[in-house]
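Structure file protein08.pdb with PDB, C-alpha atoms:
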```
ATOM      1  CA  PRO A   1    -119.111  15.790  -0.954
ATOM      2  CA  LEU A   2    -117.039  16.190   2.227
ATOM      3  CA  GLU A   3    -120.211  16.623   4.260
ATOM      4  CA  GLN A   4    -123.938  17.202   3.852
ATOM      5  CA  VAL A   5    -125.781  19.748   5.997
ATOM      6  CA  GLN A   6    -129.455  20.116   6.842
ATOM      7  CA  ASP A   7    -131.725  23.160   7.093
ATOM      8  CA  GLY A   8    -130.577  25.502   9.879
ATOM      9  CA  ALA A   9    -126.902  24.486   9.763
ATOM     10  CA  VAL A  10    -124.500  27.322  10.567
ATOM     11  CA  ARG A  11    -120.949  27.575   9.186
ATOM     12  CA  MET A  12    -118.233  30.250   9.123
ATOM     13  CA  MET A  13    -117.221  31.410   5.659
ATOM     14  CA  LYS A  14    -114.045  33.219   4.694
ATOM     15  CA  GLY A  15    -114.826  34.182   1.117
ATOM     16  CA  GLU A  16    -116.618  33.567  -2.143
ATOM     17  CA  GLN A  17    -115.331  32.108  -5.413
ATOM     18  CA  ASN A  18    -117.210  31.380  -8.649
ATOM     19  CA  GLY A  19    -120.612  31.201  -6.948
ATOM     20  CA  PHE A  20    -119.289  29.032  -4.110
ATOM     21  CA  LEU A  21    -118.764  30.091  -0.494
ATOM     22  CA  VAL A  22    -115.368  29.169   0.979
ATOM     23  CA  LEU A  23    -115.680  27.545   4.420
ATOM     24  CA  SER A  24    -113.237  28.803   7.059
ATOM     25  CA  GLU A  25    -112.247  25.234   8.012
ATOM     26  CA  GLY A  26    -111.766  24.262   4.360
ATOM     27  CA  GLY A  27    -114.088  23.218   1.572
ATOM     28  CA  PHE A  28    -116.671  24.914  -0.631
ATOM     29  CA  THR A  29    -120.459  25.042  -0.798
ATOM     30  CA  LYS A  30    -122.723  26.400  -3.545
ATOM     31  CA  LYS A  31    -124.115  29.765  -2.398
ATOM     32  CA  ASP A  32    -127.437  29.355  -4.265
ATOM     33  CA  ALA A  33    -128.998  26.019  -5.273
ATOM     34  CA  PRO A  34    -130.119  25.506  -8.898
ATOM     35  CA  ASN A  35    -133.775  25.196  -7.725
ATOM     36  CA  GLY A  36    -133.782  28.959  -6.948
ATOM     37  CA  ARG A  37    -135.125  28.446  -3.412
ATOM     38  CA  ASP A  38    -132.352  26.882  -1.337
ATOM     39  CA  CYS A  39    -129.398  29.046  -0.409
ATOM     40  CA  TRP A  40    -126.964  30.152   2.280
ATOM     41  CA  MET A  41    -127.924  33.411   4.031
ATOM     42  CA  GLN A  42    -125.442  35.639   5.818
ATOM     43  CA  LEU A  43    -126.419  36.014   9.483
ATOM     44  CA  SER A  44    -124.063  38.799  10.497
ATOM     45  CA  GLU A  45    -120.603  40.158   9.998
ATOM     46  CA  MET A  46    -117.896  40.040  12.610
ATOM     47  CA  ARG A  47    -116.972  43.381  14.165
ATOM     48  CA  ALA A  48    -113.183  43.123  14.168
ATOM     49  CA  PHE A  49    -111.276  44.834  16.962
ATOM     50  CA  SER A  50    -108.605  47.308  15.793
ATOM     51  CA  SER A  51    -106.057  45.038  17.499
ATOM     52  CA  LEU A  52    -106.075  41.835  19.530
ATOM     53  CA  GLN A  53    -107.520  42.121  23.023
ATOM     54  CA  LEU A  54    -106.877  40.042  26.138
ATOM     55  CA  TRP A  55    -110.069  38.896  27.913
ATOM     56  CA  GLN A  56    -110.606  36.908  31.136
ATOM     57  CA  VAL A  57    -113.672  34.851  32.029
ATOM     58  CA  LYS A  58    -115.434  35.279  35.373
ATOM     59  CA  THR A  59    -117.672  32.255  35.842
ATOM     60  CA  SER A  60    -119.059  29.882  38.439
ATOM     61  CA  LEU A  61    -119.498  27.077  35.864
ATOM     62  CA  PRO A  62    -117.407  25.838  32.918
ATOM     63  CA  TYR A  63    -117.651  28.297  29.995
ATOM     64  CA  ASN A  64    -117.888  26.964  26.421
ATOM     65  CA  ILE A  65    -115.727  27.708  23.382
ATOM     66  CA  ARG A  66    -117.831  26.887  20.290
ATOM     67  CA  PRO A  67    -117.075  26.353  16.570
ATOM     68  CA  VAL A  68    -119.729  28.896  15.438
ATOM     69  CA  PRO A  69    -121.385  31.925  17.114
ATOM     70  CA  SER A  70    -124.583  30.114  18.061
ATOM     71  CA  LEU A  71    -125.904  28.078  20.987
ATOM     72  CA  VAL A  72    -127.901  25.865  18.577
ATOM     73  CA  ASN A  73    -126.648  22.725  16.822
ATOM     74  CA  ASN A  74    -122.991  22.842  17.787
ATOM     75  CA  GLU A  75    -120.964  21.014  20.411
ATOM     76  CA  PRO A  76    -118.383  22.973  22.417
ATOM     77  CA  LEU A  77    -114.769  22.672  21.232
ATOM     78  CA  GLU A  78    -113.539  23.123  24.788
ATOM     79  CA  GLN A  79    -114.613  24.373  28.197
ATOM     80  CA  VAL A  80    -112.701  26.926  30.265
ATOM     81  CA  GLN A  81    -112.835  27.632  33.979
ATOM     82  CA  ASP A  82    -113.002  30.848  36.003
ATOM     83  CA  GLY A  83    -109.914  33.006  35.474
ATOM     84  CA  ALA A  84    -109.021  31.612  32.019
ATOM     85  CA  VAL A  85    -107.585  34.216  29.641
ATOM     86  CA  ARG A  86    -107.823  34.268  25.841
ATOM     87  CA  MET A  87    -106.903  36.647  23.028
ATOM     88  CA  MET A  88    -109.927  37.919  21.100
ATOM     89  CA  LYS A  89    -109.998  39.436  17.611
ATOM     90  CA  GLY A  90    -113.626  40.560  17.339
ATOM     91  CA  GLU A  91    -117.267  40.209  18.264
ATOM     92  CA  GLN A  92    -120.233  38.705  16.428
ATOM     93  CA  ASN A  93    -123.877  38.267  17.547
ATOM     94  CA  GLY A  94    -122.966  38.636  21.244
ATOM     95  CA  PHE A  95    -120.084  36.174  20.916
ATOM     96  CA  LEU A  96    -116.383  37.001  21.216
ATOM     97  CA  VAL A  97    -114.199  35.684  18.385
ATOM     98  CA  LEU A  98    -111.033  33.971  19.633
ATOM     99  CA  SER A  99    -107.815  34.838  17.803
ATOM    100  CA  GLU A 100    -106.941  31.139  17.412
ATOM    101  CA  GLY A 101    -110.450  30.260  16.240
ATOM    102  CA  GLY A 102    -113.739  29.588  17.962
ATOM    103  CA  PHE A 103    -116.432  31.652  19.658
ATOM    104  CA  THR A 104    -117.555  32.185  23.232
ATOM    105  CA  LYS A 105    -120.670  33.937  24.548
ATOM    106  CA  LYS A 106    -119.613  37.344  25.860
ATOM    107  CA  ASP A 107    -122.275  37.340  28.617
ATOM    108  CA  ALA A 108    -123.948  34.223  29.998
ATOM    109  CA  PRO A 109    -127.755  34.020  30.126
ATOM    110  CA  ASN A 110    -127.594  33.909  33.969
ATOM    111  CA  GLY A 111    -126.498  37.585  34.003
ATOM    112  CA  ARG A 112    -123.500  36.882  36.272
ATOM    113  CA  ASP A 113    -120.892  35.002  34.255
ATOM    114  CA  CYS A 114    -119.063  36.911  31.516
ATOM    115  CA  TRP A 115    -115.807  37.690  29.750
ATOM    116  CA  MET A 116    -114.071  40.932  30.790
ATOM    117  CA  GLN A 117    -111.545  42.789  28.669
ATOM    118  CA  LEU A 118    -108.161  43.065  30.368
ATOM    119  CA  SER A 119    -106.118  44.952  27.789
ATOM    120  CA  GLU A 120    -105.701  45.806  24.122
ATOM    121  CA  MET A 121    -102.560  45.054  22.135
ATOM    122  CA  ARG A 122    -100.508  48.055  21.001
ATOM    123  CA  ALA A 123     -99.828  47.199  17.359
ATOM    124  CA  PHE A 124     -96.580  48.232  15.654
ATOM    125  CA  SER A 125     -96.975  50.026  12.308
ATOM    126  CA  SER A 126     -94.875  47.252  10.708
ATOM    127  CA  LEU A 127     -93.195  44.002  11.756
ATOM    128  CA  GLN A 128     -90.142  44.417  14.014
ATOM    129  CA  LEU A 129     -87.226  42.031  14.611
ATOM    130  CA  TRP A 130     -86.357  41.522  18.293
ATOM    131  CA  GLN A 131     -83.580  39.475  19.977
ATOM    132  CA  VAL A 132     -83.679  38.094  23.512
ATOM    133  CA  LYS A 133     -80.753  38.698  25.909
ATOM    134  CA  THR A 134     -81.046  36.357  28.890
ATOM    135  CA  SER A 135     -79.010  34.052  31.128
ATOM    136  CA  LEU A 136     -82.009  31.723  31.651
ATOM    137  CA  PRO A 137     -84.517  30.188  29.217
ATOM    138  CA  TYR A 138     -87.184  32.729  28.231
ATOM    139  CA  ASN A 139     -90.776  31.505  27.787
ATOM    140  CA  ILE A 140     -93.016  31.975  24.756
ATOM    141  CA  ARG A 141     -96.626  31.848  26.007
ATOM    142  CA  PRO A 142    -100.044  31.467  24.319
ATOM    143  CA  VAL A 143    -101.412  34.624  26.029
ATOM    144  CA  PRO A 144     -99.757  37.683  27.635
ATOM    145  CA  SER A 145    -100.142  36.457  31.197
ATOM    146  CA  LEU A 146     -98.111  34.446  33.696
ATOM    147  CA  VAL A 147    -101.309  32.933  35.151
ATOM    148  CA  ASN A 148    -103.010  29.730  33.960
ATOM    149  CA  ASN A 149    -100.978  29.094  30.818
ATOM    150  CA  GLU A 150     -98.114  26.783  30.010
ATOM    151  CA  PRO A 151     -95.219  28.046  27.867
ATOM    152  CA  LEU A 152     -95.387  27.050  24.201
ATOM    153  CA  GLU A 153     -91.602  26.955  23.998
ATOM    154  CA  GLN A 154     -88.433  28.244  25.650
ATOM    155  CA  VAL A 155     -85.737  30.211  23.834
ATOM    156  CA  GLN A 156     -82.095  30.776  24.763
ATOM    157  CA  ASP A 157     -79.753  33.728  24.324
TER     158      ASP A 157
END
```

Would you encode the structure as structure tokens?
Amino acid sequence: PLEQVQDGAVRMMKGEQNGFLVLSEGGFTKKDAPNGRDCWMQLSEMRAFSSLQLWQVKTSLPYNIRPVPSLVNNEPLEQVQDGAVRMMKGEQNGFLVLSEGGFTKKDAPNGRDCWMQLSEMRAFSSLQLWQVKTSLPYNIRPVPSLVNNEPLEQVQD
């Protein structure tokens, strides 16, 4: 086995094949144990947004990005500060689902800190080919904002 999990473990699954659940990060686990008692139970489905949405966190403390939509038994993948922006693709159990993977609590238990939706992406009906015309390098960014994000790459005319 790649890993063994204990009672109460939570994992994201992306499908099912031949009686096995397919883990989103790779690997397989038997859906139902041969003993007829032990099994994986679905907690909830993700409510997918019709298109990607840009959200910004308003917080007085670092805000956690987690591997699963739960505050129990999982260490944060990263922490973000006030003003951070991320693209979200859905919502599950009060958590926002990041487009690049991970989950973050939509509203903090303190009732003050939260993520706020900035805008929704206008999706094209099909893929479109675009060409840049510029005299200076043009930045490709991780989110549609000029604030708090470094360019992923620069392209030339």

query: Smallest atom-to-atom distance to Met87 in chain A: which of A:Gln53, A:Thr29, A:Gln4, A:Ser24, using all atoms listed in the file?
result: A:Gln53

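The neighbours of Gly90 in chain A here are the residues that come within 7 Å of it, using only C-alpha atoms and leaving out any residue fewer than 3 positions away in the same chain; they are Met46, Arg47, Ala48, Phe49, Leu96 and Val97 of chain A.
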
Those selected residues, please, written with C-alpha atoms and delivered as a PDB file, in the coordinates of the input.
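That gives us again_39.pdb:
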```
ATOM      1  CA  MET A  46    -117.896  40.040  12.610  1.00  0.00           C
ATOM      2  CA  ARG A  47    -116.972  43.381  14.165  1.00  0.00           C
ATOM      3  CA  ALA A  48    -113.183  43.123  14.168  1.00  0.00           C
ATOM      4  CA  PHE A  49    -111.276  44.834  16.962  1.00  0.00           C
ATOM      5  CA  LEU A  96    -116.383  37.001  21.216  1.00  0.00           C
ATOM      6  CA  VAL A  97    -114.199  35.684  18.385  1.00  0.00           C
TER       7      VAL A  97
END
```

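Residues matched by the PyMOL selection byres ((chain A and resi 57) around 8) in this file: Trp55, Gln56, Lys58, Thr59, Tyr63, Gln81, Asp82, Gly83, Ala84, Val85, Asp113, Cys114, Trp115 and Met116 of chain A.
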
- prompt: Could you state the separation of CA of Leu21 in chain A and CA of Glu3 in chain A in Å, given to one decimal place?
  reply: 14.4 Å

- prompt: Contacts of range 30-35 of chain A at 10 Å or less, counting all atoms listed in the file, minus same-chain residues fewer than 5 places along, as a PyMOL selection string?
  reply: chain A and resi 16-22+40-41

- request: Give as a PyMOL selection string the residues that the PyMOL selection byres ((chain A and resi 12) around 12) matches when applied to the coordinates above.
  value: chain A and resi 9-11+13-16+21-29+40-46+66-70+92+97+101-103

Same residues, C-alpha atoms, saved as a PDB file, keeping the file's coordinate frame:
```
ATOM      1  CA  ALA A   9    -126.902  24.486   9.763  1.00  0.00           C
ATOM      2  CA  VAL A  10    -124.500  27.322  10.567  1.00  0.00           C
ATOM      3  CA  ARG A  11    -120.949  27.575   9.186  1.00  0.00           C
ATOM      4  CA  MET A  13    -117.221  31.410   5.659  1.00  0.00           C
ATOM      5  CA  LYS A  14    -114.045  33.219   4.694  1.00  0.00           C
ATOM      6  CA  GLY A  15    -114.826  34.182   1.117  1.00  0.00           C
ATOM      7  CA  GLU A  16    -116.618  33.567  -2.143  1.00  0.00           C
ATOM      8  CA  LEU A  21    -118.764  30.091  -0.494  1.00  0.00           C
ATOM      9  CA  VAL A  22    -115.368  29.169   0.979  1.00  0.00           C
ATOM     10  CA  LEU A  23    -115.680  27.545   4.420  1.00  0.00           C
ATOM     11  CA  SER A  24    -113.237  28.803   7.059  1.00  0.00           C
ATOM     12  CA  GLU A  25    -112.247  25.234   8.012  1.00  0.00           C
ATOM     13  CA  GLY A  26    -111.766  24.262   4.360  1.00  0.00           C
ATOM     14  CA  GLY A  27    -114.088  23.218   1.572  1.00  0.00           C
ATOM     15  CA  PHE A  28    -116.671  24.914  -0.631  1.00  0.00           C
ATOM     16  CA  THR A  29    -120.459  25.042  -0.798  1.00  0.00           C
ATOM     17  CA  TRP A  40    -126.964  30.152   2.280  1.00  0.00           C
ATOM     18  CA  MET A  41    -127.924  33.411   4.031  1.00  0.00           C
ATOM     19  CA  GLN A  42    -125.442  35.639   5.818  1.00  0.00           C
ATOM     20  CA  LEU A  43    -126.419  36.014   9.483  1.00  0.00           C
ATOM     21  CA  SER A  44    -124.063  38.799  10.497  1.00  0.00           C
ATOM     22  CA  GLU A  45    -120.603  40.158   9.998  1.00  0.00           C
ATOM     23  CA  MET A  46    -117.896  40.040  12.610  1.00  0.00           C
ATOM     24  CA  ARG A  66    -117.831  26.887  20.290  1.00  0.00           C
ATOM     25  CA  PRO A  67    -117.075  26.353  16.570  1.00  0.00           C
ATOM     26  CA  VAL A  68    -119.729  28.896  15.438  1.00  0.00           C
ATOM     27  CA  PRO A  69    -121.385  31.925  17.114  1.00  0.00           C
ATOM     28  CA  SER A  70    -124.583  30.114  18.061  1.00  0.00           C
ATOM     29  CA  GLN A  92    -120.233  38.705  16.428  1.00  0.00           C
ATOM     30  CA  VAL A  97    -114.199  35.684  18.385  1.00  0.00           C
ATOM     31  CA  GLY A 101    -110.450  30.260  16.240  1.00  0.00           C
ATOM     32  CA  GLY A 102    -113.739  29.588  17.962  1.00  0.00           C
ATOM     33  CA  PHE A 103    -116.432  31.652  19.658  1.00  0.00           C
TER      34      PHE A 103
END
```

Padding of 8 Å on every side, edges along x, y and z, all listed atoms of range 48-51 of chain A included: what centre and edge lengths in Å, to one decimal, does that box have, as AutoDock Vina command-line options?
```
--center_x -109.6 --center_y 45.2 --center_z 15.8 --size_x 23.1 --size_y 20.2 --size_z 19.3
```

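Here CA of Gln79 in chain A and CA of Ile140 in chain A stand 23.2 Å from one another.
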
- request: Go through A:Ser99, A:Glu75, A:Arg112, A:Thr104 one by one, measure the shortest atom-to-atom distance of each to Leu61 in chain A using only C-alpha atoms, and give the residue with the smallest value.
  value: A:Arg112

Please supply range 3-14 of chain A, rebuilt with all heavy atoms, as a PDB file, in the frame of the given file.
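Printed below is rebuild_30.pdb as written:
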```pdb
ATOM      1  N   GLU A   3    -119.194  16.648   3.215  1.00  0.00           N
ATOM      2  CA  GLU A   3    -120.211  16.623   4.260  1.00  0.00           C
ATOM      3  C   GLU A   3    -121.527  17.108   3.662  1.00  0.00           C
ATOM      4  O   GLU A   3    -121.537  17.869   2.707  1.00  0.00           O
ATOM      5  CB  GLU A   3    -119.750  17.567   5.381  1.00  0.00           C
ATOM      6  CG  GLU A   3    -120.744  17.887   6.439  1.00  0.00           C
ATOM      7  CD  GLU A   3    -120.271  18.941   7.432  1.00  0.00           C
ATOM      8  OE1 GLU A   3    -119.266  19.626   7.189  1.00  0.00           O
ATOM      9  OE2 GLU A   3    -120.965  19.093   8.438  1.00  0.00           O
ATOM     10  N   GLN A   4    -122.634  16.679   4.229  1.00  0.00           N
ATOM     11  CA  GLN A   4    -123.938  17.202   3.852  1.00  0.00           C
ATOM     12  C   GLN A   4    -124.542  17.870   5.078  1.00  0.00           C
ATOM     13  O   GLN A   4    -124.426  17.352   6.187  1.00  0.00           O
ATOM     14  CB  GLN A   4    -124.861  16.096   3.351  1.00  0.00           C
ATOM     15  CG  GLN A   4    -124.459  15.567   1.999  1.00  0.00           C
ATOM     16  CD  GLN A   4    -125.468  14.567   1.472  1.00  0.00           C
ATOM     17  OE1 GLN A   4    -126.115  13.854   2.221  1.00  0.00           O
ATOM     18  NE2 GLN A   4    -125.588  14.515   0.145  1.00  0.00           N
ATOM     19  N   VAL A   5    -125.174  19.028   4.887  1.00  0.00           N
ATOM     20  CA  VAL A   5    -125.781  19.748   5.997  1.00  0.00           C
ATOM     21  C   VAL A   5    -127.281  19.869   5.781  1.00  0.00           C
ATOM     22  O   VAL A   5    -127.759  19.829   4.648  1.00  0.00           O
ATOM     23  CB  VAL A   5    -125.156  21.154   6.179  1.00  0.00           C
ATOM     24  CG1 VAL A   5    -123.690  21.039   6.567  1.00  0.00           C
ATOM     25  CG2 VAL A   5    -125.301  21.996   4.931  1.00  0.00           C
ATOM     26  N   GLN A   6    -127.997  20.007   6.869  1.00  0.00           N
ATOM     27  CA  GLN A   6    -129.455  20.116   6.842  1.00  0.00           C
ATOM     28  C   GLN A   6    -129.868  21.568   7.057  1.00  0.00           C
ATOM     29  O   GLN A   6    -129.050  22.419   7.421  1.00  0.00           O
ATOM     30  CB  GLN A   6    -130.059  19.227   7.935  1.00  0.00           C
ATOM     31  CG  GLN A   6    -129.696  17.758   7.817  1.00  0.00           C
ATOM     32  CD  GLN A   6    -130.201  17.127   6.533  1.00  0.00           C
ATOM     33  OE1 GLN A   6    -131.307  17.407   6.080  1.00  0.00           O
ATOM     34  NE2 GLN A   6    -129.378  16.285   5.924  1.00  0.00           N
ATOM     35  N   ASP A   7    -131.156  21.840   6.880  1.00  0.00           N
ATOM     36  CA  ASP A   7    -131.725  23.160   7.093  1.00  0.00           C
ATOM     37  C   ASP A   7    -131.368  23.661   8.494  1.00  0.00           C
ATOM     38  O   ASP A   7    -131.461  22.924   9.465  1.00  0.00           O
ATOM     39  CB  ASP A   7    -133.247  23.102   6.938  1.00  0.00           C
ATOM     40  CG  ASP A   7    -133.879  24.473   7.074  1.00  0.00           C
ATOM     41  OD1 ASP A   7    -133.460  25.391   6.347  1.00  0.00           O
ATOM     42  OD2 ASP A   7    -134.785  24.617   7.916  1.00  0.00           O
ATOM     43  N   GLY A   8    -130.927  24.903   8.592  1.00  0.00           N
ATOM     44  CA  GLY A   8    -130.577  25.502   9.879  1.00  0.00           C
ATOM     45  C   GLY A   8    -129.119  25.381  10.238  1.00  0.00           C
ATOM     46  O   GLY A   8    -128.676  25.968  11.238  1.00  0.00           O
ATOM     47  N   ALA A   9    -128.323  24.624   9.467  1.00  0.00           N
ATOM     48  CA  ALA A   9    -126.902  24.486   9.763  1.00  0.00           C
ATOM     49  C   ALA A   9    -126.222  25.849   9.681  1.00  0.00           C
ATOM     50  O   ALA A   9    -126.612  26.707   8.885  1.00  0.00           O
ATOM     51  CB  ALA A   9    -126.247  23.514   8.781  1.00  0.00           C
ATOM     52  N   VAL A  10    -125.230  26.057  10.523  1.00  0.00           N
ATOM     53  CA  VAL A  10    -124.500  27.322  10.567  1.00  0.00           C
ATOM     54  C   VAL A  10    -123.022  27.023  10.347  1.00  0.00           C
ATOM     55  O   VAL A  10    -122.471  26.110  10.974  1.00  0.00           O
ATOM     56  CB  VAL A  10    -124.696  28.012  11.944  1.00  0.00           C
ATOM     57  CG1 VAL A  10    -123.912  29.294  12.029  1.00  0.00           C
ATOM     58  CG2 VAL A  10    -126.170  28.259  12.213  1.00  0.00           C
ATOM     59  N   ARG A  11    -122.375  27.749   9.449  1.00  0.00           N
ATOM     60  CA  ARG A  11    -120.949  27.575   9.186  1.00  0.00           C
ATOM     61  C   ARG A  11    -120.293  28.941   9.008  1.00  0.00           C
ATOM     62  O   ARG A  11    -120.921  29.895   8.549  1.00  0.00           O
ATOM     63  CB  ARG A  11    -120.701  26.757   7.904  1.00  0.00           C
ATOM     64  CG  ARG A  11    -121.177  25.330   7.947  1.00  0.00           C
ATOM     65  CD  ARG A  11    -120.316  24.485   8.897  1.00  0.00           C
ATOM     66  NE  ARG A  11    -120.632  23.089   8.830  1.00  0.00           N
ATOM     67  CZ  ARG A  11    -121.620  22.482   9.477  1.00  0.00           C
ATOM     68  NH1 ARG A  11    -122.429  23.178  10.232  1.00  0.00           N
ATOM     69  NH2 ARG A  11    -121.817  21.191   9.369  1.00  0.00           N
ATOM     70  N   MET A  12    -119.019  29.031   9.339  1.00  0.00           N
ATOM     71  CA  MET A  12    -118.233  30.250   9.123  1.00  0.00           C
ATOM     72  C   MET A  12    -117.643  30.201   7.720  1.00  0.00           C
ATOM     73  O   MET A  12    -117.102  29.173   7.309  1.00  0.00           O
ATOM     74  CB  MET A  12    -117.097  30.367  10.144  1.00  0.00           C
ATOM     75  CG  MET A  12    -117.563  30.675  11.550  1.00  0.00           C
ATOM     76  SD  MET A  12    -118.470  32.216  11.707  1.00  0.00           S
ATOM     77  CE  MET A  12    -117.237  33.402  11.297  1.00  0.00           C
ATOM     78  N   MET A  13    -117.755  31.305   7.016  1.00  0.00           N
ATOM     79  CA  MET A  13    -117.221  31.410   5.659  1.00  0.00           C
ATOM     80  C   MET A  13    -116.133  32.473   5.627  1.00  0.00           C
ATOM     81  O   MET A  13    -116.217  33.477   6.334  1.00  0.00           O
ATOM     82  CB  MET A  13    -118.331  31.806   4.668  1.00  0.00           C
ATOM     83  CG  MET A  13    -119.566  30.934   4.705  1.00  0.00           C
ATOM     84  SD  MET A  13    -119.223  29.225   4.222  1.00  0.00           S
ATOM     85  CE  MET A  13    -120.844  28.502   4.438  1.00  0.00           C
ATOM     86  N   LYS A  14    -115.126  32.233   4.789  1.00  0.00           N
ATOM     87  CA  LYS A  14    -114.045  33.219   4.694  1.00  0.00           C
ATOM     88  C   LYS A  14    -113.972  33.906   3.338  1.00  0.00           C
ATOM     89  O   LYS A  14    -113.154  34.792   3.140  1.00  0.00           O
ATOM     90  CB  LYS A  14    -112.696  32.592   5.042  1.00  0.00           C
ATOM     91  CG  LYS A  14    -112.227  31.501   4.104  1.00  0.00           C
ATOM     92  CD  LYS A  14    -110.895  30.959   4.573  1.00  0.00           C
ATOM     93  CE  LYS A  14    -110.383  29.829   3.703  1.00  0.00           C
ATOM     94  NZ  LYS A  14    -109.118  29.289   4.213  1.00  0.00           N
TER      95      LYS A  14
END
```
